[in-house]
file start-v8.cif (mmCIF, C-alpha atoms)
data_final
loop_
_atom_site.label_atom_id
_atom_site.label_comp_id
_atom_site.auth_asym_id
_atom_site.auth_seq_id
_atom_site.Cartn_x
_atom_site.Cartn_y
_atom_site.Cartn_z
CA MET A 1 -66.38 -26.53 -67.07
CA ARG A 2 -63.45 -28.94 -67.03
CA ARG A 3 -63.77 -31.97 -64.83
CA ALA A 4 -61.14 -32.25 -62.07
CA LYS A 5 -58.68 -35.10 -62.50
CA SER A 6 -59.06 -38.05 -60.20
CA VAL A 7 -56.58 -38.29 -57.37
CA VAL A 8 -56.71 -42.06 -57.50
CA LEU A 9 -53.38 -43.38 -58.87
CA PRO A 10 -53.31 -45.95 -61.62
CA ALA A 11 -52.86 -49.49 -60.29
CA LYS A 12 -49.30 -49.80 -61.69
CA VAL A 13 -48.15 -46.52 -60.11
CA ALA A 14 -49.77 -47.38 -56.78
CA SER A 15 -48.09 -50.76 -56.84
CA ARG A 16 -44.67 -49.13 -57.36
CA LYS A 17 -45.36 -46.69 -54.55
CA TRP A 18 -46.13 -49.48 -52.10
CA LEU A 19 -43.09 -51.40 -53.30
CA TRP A 20 -40.78 -48.46 -52.56
CA LEU A 21 -42.49 -47.83 -49.24
CA GLY A 22 -42.15 -51.47 -48.29
CA SER A 23 -38.49 -51.51 -49.30
CA GLY A 24 -37.89 -48.43 -47.20
CA VAL A 25 -39.47 -50.07 -44.17
CA PHE A 26 -37.37 -53.21 -44.59
CA LEU A 27 -34.23 -51.08 -45.06
CA ALA A 28 -35.01 -49.12 -41.91
CA ILE A 29 -35.58 -52.33 -39.95
CA GLY A 30 -32.32 -53.71 -41.35
CA LEU A 31 -30.38 -50.62 -40.27
CA VAL A 32 -31.88 -50.81 -36.79
CA MET A 33 -30.91 -54.48 -36.52
CA VAL A 34 -27.34 -53.75 -37.66
CA ALA A 35 -27.05 -50.88 -35.20
CA ALA A 36 -28.37 -53.06 -32.40
CA TRP A 37 -25.93 -55.86 -33.34
CA VAL A 38 -22.98 -53.45 -33.37
CA GLY A 39 -23.98 -51.89 -30.08
CA PHE A 40 -24.92 -55.12 -28.33
CA PRO A 41 -22.31 -56.16 -25.76
CA ARG A 42 -20.29 -59.14 -26.95
CA LYS A 43 -19.18 -61.99 -24.78
CA LYS A 44 -16.37 -60.75 -22.58
CA GLN A 45 -12.98 -61.61 -23.99
CA THR A 46 -10.79 -63.37 -21.47
CA ILE A 47 -7.07 -62.91 -21.03
CA THR A 48 -6.69 -66.63 -21.85
CA ALA A 49 -8.23 -66.05 -25.29
CA ILE A 50 -6.25 -62.85 -25.89
CA LEU A 51 -2.94 -64.59 -25.18
CA SER A 52 -3.87 -67.75 -27.08
CA GLU A 53 -4.44 -65.72 -30.26
CA THR A 54 -0.78 -64.65 -30.16
CA GLY A 55 0.67 -68.05 -29.29
CA TYR A 56 1.06 -67.51 -25.54
CA PHE A 57 -0.34 -69.53 -22.68
CA GLU A 58 -1.71 -67.80 -19.61
CA VAL A 59 0.15 -68.29 -16.32
CA VAL A 60 -2.21 -68.22 -13.31
CA PRO A 61 -1.39 -66.62 -11.03
CA PRO A 62 1.40 -64.54 -12.62
CA SER A 63 4.81 -65.37 -11.16
CA THR A 64 8.56 -65.10 -11.71
CA PHE A 65 8.91 -68.82 -12.50
CA GLY A 66 9.53 -70.30 -15.94
CA GLY A 67 11.48 -67.46 -17.56
CA PRO A 68 13.28 -67.74 -20.92
CA GLY A 69 15.76 -70.63 -21.03
CA THR A 70 14.37 -72.49 -18.00
CA ILE A 71 13.41 -76.17 -18.18
CA ASN A 72 9.96 -77.06 -16.88
CA THR A 73 7.57 -79.98 -16.80
CA ILE A 74 4.36 -78.89 -18.50
CA GLU A 75 0.77 -79.62 -17.55
CA TYR A 76 -1.87 -78.45 -20.05
CA LEU A 77 -5.22 -77.56 -18.51
CA SER A 78 -8.60 -77.94 -20.20
CA ASN A 79 -9.32 -74.21 -19.78
CA GLY A 80 -6.51 -73.20 -22.17
CA ARG A 81 -3.94 -72.38 -19.50
CA LEU A 82 -0.94 -74.35 -18.34
CA GLU A 83 0.90 -75.09 -15.14
CA LEU A 84 4.69 -75.04 -14.97
CA HIS A 85 6.58 -77.31 -12.65
CA PRO A 86 10.27 -76.28 -12.43
CA THR A 87 12.37 -79.31 -13.37
CA CYS A 88 15.94 -78.00 -13.08
CA GLU A 89 17.53 -75.32 -10.93
CA VAL A 90 19.10 -72.56 -13.03
CA ASP A 91 22.01 -70.44 -11.82
CA PRO A 92 21.02 -66.84 -12.77
CA ALA A 93 24.60 -66.30 -13.97
CA LEU A 94 24.00 -68.89 -16.70
CA LEU A 95 21.36 -66.64 -18.31
CA THR A 96 23.09 -63.31 -17.73
CA GLY A 97 23.36 -61.42 -21.01
CA LYS A 98 21.35 -64.03 -22.92
CA ILE A 99 17.83 -62.70 -22.41
CA GLN A 100 16.58 -59.85 -24.60
CA LYS A 101 14.01 -57.41 -23.30
CA SER A 102 11.74 -55.39 -25.57
CA ARG A 103 8.74 -53.11 -25.08
CA THR A 104 7.78 -53.71 -28.71
CA MET A 105 4.39 -55.39 -28.79
CA ASP A 106 1.48 -55.62 -31.18
CA ARG A 107 -0.65 -52.52 -30.57
CA ASP A 108 -3.97 -54.41 -30.50
CA LEU A 109 -2.52 -56.91 -28.03
CA LYS A 110 -1.17 -54.09 -25.86
CA GLN A 111 -4.52 -52.30 -25.81
CA SER A 112 -6.35 -55.52 -24.95
CA LEU A 113 -3.99 -56.30 -22.08
CA GLU A 114 -4.20 -52.81 -20.62
CA LYS A 115 -7.97 -53.04 -20.19
CA ASN A 116 -9.51 -54.07 -16.87
CA LEU A 117 -10.21 -57.77 -17.47
CA ASP A 118 -12.65 -59.74 -15.35
CA VAL A 119 -10.69 -62.73 -14.06
CA SER A 120 -13.08 -63.75 -11.28
CA ALA A 121 -13.59 -67.26 -12.67
CA GLN A 122 -9.87 -67.83 -13.29
CA VAL A 123 -8.67 -67.02 -9.78
CA ARG A 124 -11.59 -68.32 -7.71
CA ASP A 125 -10.26 -71.88 -8.02
CA LYS A 126 -6.91 -70.68 -6.69
CA LEU A 127 -8.65 -68.82 -3.85
CA SER A 128 -11.22 -71.48 -2.97
CA ALA A 129 -9.51 -72.23 0.35
CA VAL A 130 -9.65 -68.58 1.48
CA ALA A 131 -12.41 -68.13 4.08
CA GLY A 132 -14.82 -65.31 3.27
CA MET A 133 -14.59 -65.48 -0.55
CA GLU A 134 -18.40 -65.23 -0.67
CA GLN A 135 -17.90 -61.55 0.21
CA VAL A 136 -16.07 -60.99 -3.10
CA ASP A 137 -18.28 -59.77 -5.93
CA SER A 138 -15.65 -59.75 -8.71
CA ILE A 139 -11.91 -59.57 -9.37
CA HIS A 140 -10.39 -57.62 -12.26
CA LEU A 141 -6.85 -57.80 -13.59
CA LYS A 142 -4.93 -54.78 -14.80
CA LEU A 143 -1.54 -55.10 -16.51
CA GLU A 144 0.90 -52.22 -16.81
CA ASN A 145 4.37 -51.71 -18.30
CA ALA A 146 4.23 -54.91 -20.37
CA ASN A 147 7.46 -56.23 -21.91
CA ILE A 148 8.58 -59.23 -23.93
CA LEU A 149 11.52 -61.27 -22.62
CA LEU A 150 13.00 -63.76 -25.06
CA ILE A 151 16.04 -65.86 -25.81
CA SER A 152 17.39 -66.85 -29.24
CA ASP A 153 17.23 -70.46 -30.42
CA GLU A 154 21.02 -70.66 -30.43
CA LEU A 155 21.30 -69.58 -26.80
CA LEU A 156 18.31 -71.72 -25.91
CA MET A 157 20.23 -74.76 -27.11
CA SER A 158 23.48 -73.82 -25.38
CA THR A 159 21.58 -73.27 -22.11
CA ARG A 160 19.87 -76.64 -22.49
CA ASN A 161 23.20 -78.40 -23.03
CA ALA A 162 24.71 -76.69 -20.00
CA LEU A 163 21.80 -77.73 -17.75
CA LEU A 164 21.25 -81.34 -18.83
CA LYS A 165 23.77 -82.94 -16.49
CA ALA A 166 23.78 -84.87 -13.22
CA ASP A 167 20.60 -84.31 -11.13
CA CYS A 168 18.91 -82.16 -13.80
CA GLU A 169 19.25 -84.94 -16.37
CA ASP A 170 17.92 -87.47 -13.86
CA ALA A 171 14.91 -85.27 -13.09
CA VAL A 172 14.13 -84.80 -16.79
CA THR A 173 14.50 -88.56 -17.43
CA GLN A 174 12.14 -89.39 -14.58
CA ASN A 175 9.45 -86.96 -15.77
CA ILE A 176 9.60 -88.06 -19.42
CA SER A 177 9.51 -91.74 -18.46
CA SER A 178 6.36 -91.14 -16.41
CA GLY A 179 4.63 -89.64 -19.46
CA SER A 180 5.17 -85.96 -18.70
CA LEU A 181 6.21 -83.29 -21.19
CA VAL A 182 9.42 -81.37 -20.46
CA CYS A 183 9.97 -78.11 -22.36
CA GLN A 184 12.08 -75.00 -22.43
CA THR A 185 10.64 -71.50 -22.31
CA ARG A 186 11.35 -69.38 -25.40
CA SER A 187 9.72 -66.09 -24.37
CA VAL A 188 7.43 -64.57 -21.73
CA LEU A 189 5.17 -61.56 -21.40
CA GLU A 190 6.12 -59.62 -18.29
CA ALA A 191 4.15 -56.83 -16.61
CA ASP A 192 3.29 -55.10 -13.38
CA VAL A 193 0.13 -56.87 -12.21
CA VAL A 194 -2.73 -55.40 -10.18
CA TYR A 195 -5.79 -57.36 -9.04
CA GLU A 196 -8.71 -55.07 -8.16
CA ILE A 197 -11.18 -56.73 -5.79
CA LYS A 198 -14.79 -55.61 -5.61
CA TYR A 199 -16.47 -56.56 -2.35
CA HIS A 200 -20.15 -56.68 -1.42
CA ASN A 201 -21.26 -53.54 0.41
CA LYS A 202 -22.10 -55.32 3.66
CA ILE A 203 -18.48 -56.24 4.47
CA SER A 204 -16.75 -54.03 7.05
CA MET A 205 -13.50 -52.17 6.41
CA GLU A 206 -11.64 -54.42 8.87
CA GLU A 207 -12.92 -57.61 7.23
CA ARG A 208 -12.08 -56.22 3.79
CA ALA A 209 -8.48 -55.44 4.77
CA LYS A 210 -8.05 -58.89 6.36
CA LEU A 211 -9.49 -60.71 3.35
CA THR A 212 -7.38 -58.68 0.92
CA SER A 213 -4.27 -59.64 2.89
CA GLU A 214 -5.21 -63.33 2.72
CA ILE A 215 -5.89 -63.14 -1.02
CA ALA A 216 -2.51 -61.47 -1.54
CA ALA A 217 -0.76 -64.25 0.38
CA LYS A 218 -2.55 -66.97 -1.58
CA LEU A 219 -1.65 -65.35 -4.92
CA GLU A 220 1.92 -64.79 -3.67
CA LEU A 221 1.51 -61.05 -4.20
CA GLU A 222 1.45 -58.04 -1.89
CA ALA A 223 -1.41 -55.88 -0.65
CA HIS A 224 -1.36 -52.68 -2.73
CA GLU A 225 0.09 -49.81 -0.72
CA GLY A 226 -2.61 -47.44 0.54
CA SER A 227 -5.52 -49.64 -0.60
CA ASP A 228 -7.62 -52.35 1.02
CA ASP A 229 -9.07 -53.73 -2.23
CA LYS A 230 -6.01 -54.29 -4.43
CA VAL A 231 -3.10 -56.75 -4.53
CA SER A 232 -0.15 -56.32 -6.86
CA GLY A 233 3.25 -57.51 -8.00
CA SER A 234 6.00 -56.04 -10.16
CA GLN A 235 7.59 -57.59 -13.26
CA LEU A 236 5.68 -60.87 -13.17
CA PHE A 237 5.28 -63.37 -16.00
CA PHE A 238 1.62 -63.69 -17.06
CA GLY A 239 2.06 -65.22 -20.53
CA ILE A 240 4.51 -67.83 -21.74
CA ARG A 241 5.58 -69.21 -25.12
CA LEU A 242 7.43 -72.52 -25.28
CA SER A 243 10.06 -73.81 -27.67
CA PRO A 244 8.13 -76.21 -29.96
CA ASN A 245 10.70 -78.99 -29.57
CA PRO A 246 10.45 -80.94 -26.30
CA ILE A 247 13.49 -82.14 -24.43
CA VAL A 248 14.23 -85.72 -25.46
CA LEU A 249 16.84 -87.95 -23.81
CA LYS A 250 18.08 -91.34 -24.96
CA THR A 251 17.82 -92.56 -21.40
CA ALA A 252 14.12 -91.74 -21.19
CA ALA A 253 11.28 -93.77 -22.64
CA GLY A 254 7.98 -92.16 -23.54
CA GLU A 255 5.84 -90.64 -26.30
CA ILE A 256 7.32 -87.53 -27.92
CA LYS A 257 4.82 -84.67 -28.05
CA PRO A 258 5.34 -81.09 -29.29
CA CYS A 259 5.48 -78.43 -26.62
CA ASN A 260 3.17 -76.02 -28.40
CA ARG A 261 0.22 -78.38 -28.79
CA ARG A 262 -3.25 -77.02 -28.04
#
call {"tool": "encode", "arguments": {"input": "start-v8.cif", "output": "structure tokens"}}
result
Amino acid sequence: MRRAKSVVLPAKVASRKWLWLGSGVFLAIGLVMVAAWVGFPRKKQTITAILSETGYFEVVPPSTFGGPGTINTIEYLSNGRLELHPTCEVDPALLTGKIQKSRTMDRDLKQSLEKNLDVSAQVRDKLSAVAGMEQVDSIHLKLENANILLISDELLMSTRNALLKADCEDAVTQNISSGSLVCQTRSVLEADVVYEIKYHNKISMEERAKLTSEIAAKLELEAHEGSDDKVSGSQLFFGIRLSPNPIVLKTAAGEIKPCNRR
């Protein structure tokens, strides 16, 4: 009678088996970790960051000020946005036929801008004086029908030369001499803007409508027709790109800084 073979594996074979099993376990854990990393929600991307990646500064709140060719005194904010202070009055006829309008835009940028973006932190400072803001849970921004408006460097220069006279030149001289930066706008991102306001459940319909109206007034927008939780505006500038060369006058003293500095 033949003796049955032992089922005990040789030490070398057993060692290999455990090695492969261990490798499989580590591989499985690795795949789980990768899947979790991919699926884990990232830090919310802000509109400020989205615009900054393409060379634009965010304008808060969106407005019709500072279009292509205009001359403005610039204030850079620590949060990556800027404030425009109109320096010279511009006759619209001066820019007629000089501004190009295009719907052509980077597809990734377009998709990012068309998402509902949480802008609660950005606009709360602007709305801090509005009574009842504690009833607001969050504010989201939605941009539709985005366009690029721009002016060529040649026409930018001719517009600058036409404006820098009399009171405009004096205003520019005064701002530069006081240490301010005066720049011309090269292009803007324009869109229809909708702010969607989410209120806490305990607020009444009447209070909601009243607060929405006050928020609209503060943002210089209009209450959205047929809605008590939205404010909107058409064809507003929400992103701006400046000509890199600041306006410099011989009559003004002050440090020369580039307009596109970060």
call {"tool": "residues_around", "arguments": {"input": "start-v8.cif", "residues": "segment 116-131 of chain A", "least_positions_apart": "5", "cutoff": "9 Å", "atoms": "all atoms listed in the file", "output": "list of chain:residue names"}}
result
A:Lys44, A:Gln45, A:Thr46, A:Ile47, A:Val60, A:Pro61, A:Asp137, A:Ser138, A:Ile139, A:His140, A:Leu141, A:Lys142, A:Leu143, A:Tyr195, A:Glu196, A:Leu211, A:Glu214, A:Ile215, A:Lys218, A:Leu219
call {"tool": "resolve_selection", "arguments": {"input": "start-v8.cif", "expression": "the PyMOL selection byres ((chain A and resi 63) around 6)", "output": "PDB file with C-alpha atoms, in the frame of the given file"}}
result
ATOM      1  CA  PRO A  62       1.400 -64.540 -12.620  1.00  0.00           C
ATOM      2  CA  THR A  64       8.560 -65.100 -11.710  1.00  0.00           C
ATOM      3  CA  PHE A  65       8.910 -68.820 -12.500  1.00  0.00           C
ATOM      4  CA  LEU A 236       5.680 -60.870 -13.170  1.00  0.00           C
ATOM      5  CA  PHE A 237       5.280 -63.370 -16.000  1.00  0.00           C
TER       6      PHE A 237
END
call {"tool": "residues_near_point", "arguments": {"input": "start-v8.cif", "point": "(-4.4, -52.7, -21.7)", "cutoff": "12 Å", "atoms": "only C-alpha atoms", "output": "PyMOL selection string"}}
result
chain A and resi 47+50+105-117+141-146+191-194
call {"tool": "closest_residue", "arguments": {"input": "start-v8.cif", "among": "A:Leu249, A:Ile240, A:Met205, A:Met157", "to": "Thr48 of chain A", "atoms": "only C-alpha atoms"}}
result
A:Ile240
call {"tool": "resolve_selection", "arguments": {"input": "start-v8.cif", "expression": "the PyMOL selection byres ((chain A and resi 242) around 10)", "output": "list in words"}}
result
Gly55, Tyr56, Phe57, Gly66, Pro68, Gly69, Ile71, Asn72, Ile74, Cys183, Gln184, Thr185, Arg186, Ser187, Val188, Ile240, Arg241, Ser243, Pro244, Asn245, Pro246, Pro258, Cys259, Asn260 and Arg261 of chain A
call {"tool": "closest_residue", "arguments": {"input": "start-v8.cif", "among": "A:Ile99, A:Lys257, A:Glu53, A:Asp91", "to": "Ile148 of chain A", "atoms": "all atoms listed in the file"}}
result
A:Ile99
call {"tool": "resolve_selection", "arguments": {"input": "start-v8.cif", "expression": "the PyMOL selection byres ((chain A and resi 210) around 12)", "output": "PDB file with C-alpha atoms, in the coordinates of the input"}}
result
ATOM      1  CA  VAL A 130      -9.650 -68.580   1.480  1.00  0.00           C
ATOM      2  CA  ALA A 131     -12.410 -68.130   4.080  1.00  0.00           C
ATOM      3  CA  GLY A 132     -14.820 -65.310   3.270  1.00  0.00           C
ATOM      4  CA  MET A 133     -14.590 -65.480  -0.550  1.00  0.00           C
ATOM      5  CA  GLN A 135     -17.900 -61.550   0.210  1.00  0.00           C
ATOM      6  CA  ILE A 203     -18.480 -56.240   4.470  1.00  0.00           C
ATOM      7  CA  SER A 204     -16.750 -54.030   7.050  1.00  0.00           C
ATOM      8  CA  MET A 205     -13.500 -52.170   6.410  1.00  0.00           C
ATOM      9  CA  GLU A 206     -11.640 -54.420   8.870  1.00  0.00           C
ATOM     10  CA  GLU A 207     -12.920 -57.610   7.230  1.00  0.00           C
ATOM     11  CA  ARG A 208     -12.080 -56.220   3.790  1.00  0.00           C
ATOM     12  CA  ALA A 209      -8.480 -55.440   4.770  1.00  0.00           C
ATOM     13  CA  LEU A 211      -9.490 -60.710   3.350  1.00  0.00           C
ATOM     14  CA  THR A 212      -7.380 -58.680   0.920  1.00  0.00           C
ATOM     15  CA  SER A 213      -4.270 -59.640   2.890  1.00  0.00           C
ATOM     16  CA  GLU A 214      -5.210 -63.330   2.720  1.00  0.00           C
ATOM     17  CA  ILE A 215      -5.890 -63.140  -1.020  1.00  0.00           C
ATOM     18  CA  ALA A 216      -2.510 -61.470  -1.540  1.00  0.00           C
ATOM     19  CA  ALA A 217      -0.760 -64.250   0.380  1.00  0.00           C
ATOM     20  CA  ALA A 223      -1.410 -55.880  -0.650  1.00  0.00           C
ATOM     21  CA  SER A 227      -5.520 -49.640  -0.600  1.00  0.00           C
ATOM     22  CA  ASP A 228      -7.620 -52.350   1.020  1.00  0.00           C
ATOM     23  CA  ASP A 229      -9.070 -53.730  -2.230  1.00  0.00           C
ATOM     24  CA  LYS A 230      -6.010 -54.290  -4.430  1.00  0.00           C
TER      25      LYS A 230
END
call {"tool": "residues_around", "arguments": {"input": "start-v8.cif", "residues": "Leu95 of chain A", "least_positions_apart": "6", "cutoff": "10 Å", "atoms": "all atoms listed in the file", "output": "ChimeraX atom specification"}}
result
/A:67-70,151,155-156,159
call {"tool": "axis_aligned_box", "arguments": {"input": "start-v8.cif", "around": "segment 114-123 of chain A", "padding_each_side": "6 Å", "output": "lines of an AutoDock Vina configuration file"}}
result
center_x = -8.9
center_y = -60.3
center_z = -15.2
size_x = 21.4
size_y = 27.0
size_z = 22.8
call {"tool": "closest_residue", "arguments": {"input": "start-v8.cif", "among": "A:Leu181, A:Ala93, A:Cys88, A:Ile176", "to": "Leu163 of chain A", "atoms": "only C-alpha atoms"}}
result
A:Cys88
call {"tool": "atom_distance", "arguments": {"input": "start-v8.cif", "atom1": "atom CA of Ser52 of chain A", "atom2": "atom CA of Glu83 of chain A"}}
result
14.8 Å
call {"tool": "closest_residue", "arguments": {"input": "start-v8.cif", "among": "A:Leu189, A:Ala166, A:Leu221, A:Ile197", "to": "Val59 of chain A", "atoms": "only C-alpha atoms"}}
result
A:Leu189
call {"tool": "closest_residue", "arguments": {"input": "start-v8.cif", "among": "A:Ser102, A:Leu149, A:Val90, A:Gly233", "to": "Ala162 of chain A", "atoms": "all atoms listed in the file"}}
result
A:Val90
call {"tool": "atom_distance", "arguments": {"input": "start-v8.cif", "atom1": "atom CA of Gly179 of chain A", "atom2": "atom CA of Val248 of chain A"}}
result
12.0 Å
call {"tool": "decode", "arguments": {"input": "start-v8.cif", "residues": "segment 71-92 of chain A", "atoms": "N, CA and C atoms", "output": "compact mmCIF listing (two decimals), in the first residue's frame"}}
result
# COMPACT_ATOMS: atom_id res chain seq x y z
N ILE A 71 -9.84 103.91 -18.00
CA ILE A 71 -8.71 104.18 -17.11
C ILE A 71 -9.20 104.16 -15.68
N ASN A 72 -8.55 103.33 -14.86
CA ASN A 72 -8.99 103.14 -13.48
C ASN A 72 -7.81 103.13 -12.52
N THR A 73 -8.06 103.57 -11.30
CA THR A 73 -7.08 103.44 -10.23
C THR A 73 -7.32 102.08 -9.58
N ILE A 74 -6.25 101.31 -9.41
CA ILE A 74 -6.36 99.92 -9.00
C ILE A 74 -5.98 99.73 -7.54
N GLU A 75 -6.79 98.92 -6.86
CA GLU A 75 -6.47 98.53 -5.48
C GLU A 75 -6.48 97.00 -5.42
N TYR A 76 -5.31 96.40 -5.19
CA TYR A 76 -5.21 94.95 -5.08
C TYR A 76 -5.56 94.53 -3.66
N LEU A 77 -6.41 93.51 -3.54
CA LEU A 77 -6.82 93.01 -2.25
C LEU A 77 -6.07 91.73 -1.91
N SER A 78 -5.92 91.46 -0.63
CA SER A 78 -5.15 90.29 -0.20
C SER A 78 -5.82 88.97 -0.57
N ASN A 79 -7.12 89.00 -0.89
CA ASN A 79 -7.84 87.77 -1.21
C ASN A 79 -7.78 87.42 -2.69
N GLY A 80 -6.93 88.12 -3.47
CA GLY A 80 -6.77 87.80 -4.88
C GLY A 80 -7.70 88.55 -5.80
N ARG A 81 -8.54 89.42 -5.26
CA ARG A 81 -9.44 90.21 -6.09
C ARG A 81 -8.91 91.64 -6.16
N LEU A 82 -9.60 92.47 -6.93
CA LEU A 82 -9.19 93.87 -6.98
C LEU A 82 -10.42 94.78 -6.99
N GLU A 83 -10.19 96.00 -6.60
CA GLU A 83 -11.23 97.02 -6.66
C GLU A 83 -10.82 98.06 -7.70
N LEU A 84 -11.77 98.45 -8.52
CA LEU A 84 -11.54 99.47 -9.54
C LEU A 84 -12.17 100.78 -9.09
N HIS A 85 -11.42 101.83 -9.22
CA HIS A 85 -11.94 103.16 -8.92
C HIS A 85 -11.82 103.98 -10.21
N PRO A 86 -12.96 104.24 -10.89
CA PRO A 86 -12.91 104.99 -12.16
C PRO A 86 -12.15 106.29 -11.99
N THR A 87 -11.17 106.52 -12.86
CA THR A 87 -10.33 107.71 -12.76
C THR A 87 -10.76 108.79 -13.75
N CYS A 88 -11.14 108.38 -14.96
CA CYS A 88 -11.53 109.32 -16.00
C CYS A 88 -12.90 108.95 -16.59
N GLU A 89 -13.69 109.96 -16.87
CA GLU A 89 -14.96 109.73 -17.55
C GLU A 89 -14.69 109.44 -19.03
N VAL A 90 -15.39 108.45 -19.56
CA VAL A 90 -15.19 108.06 -20.96
C VAL A 90 -16.50 108.25 -21.73
N ASP A 91 -16.44 109.05 -22.78
CA ASP A 91 -17.59 109.20 -23.67
C ASP A 91 -17.76 107.89 -24.43
N PRO A 92 -18.94 107.21 -24.31
CA PRO A 92 -19.14 105.93 -25.00
C PRO A 92 -18.80 105.99 -26.49
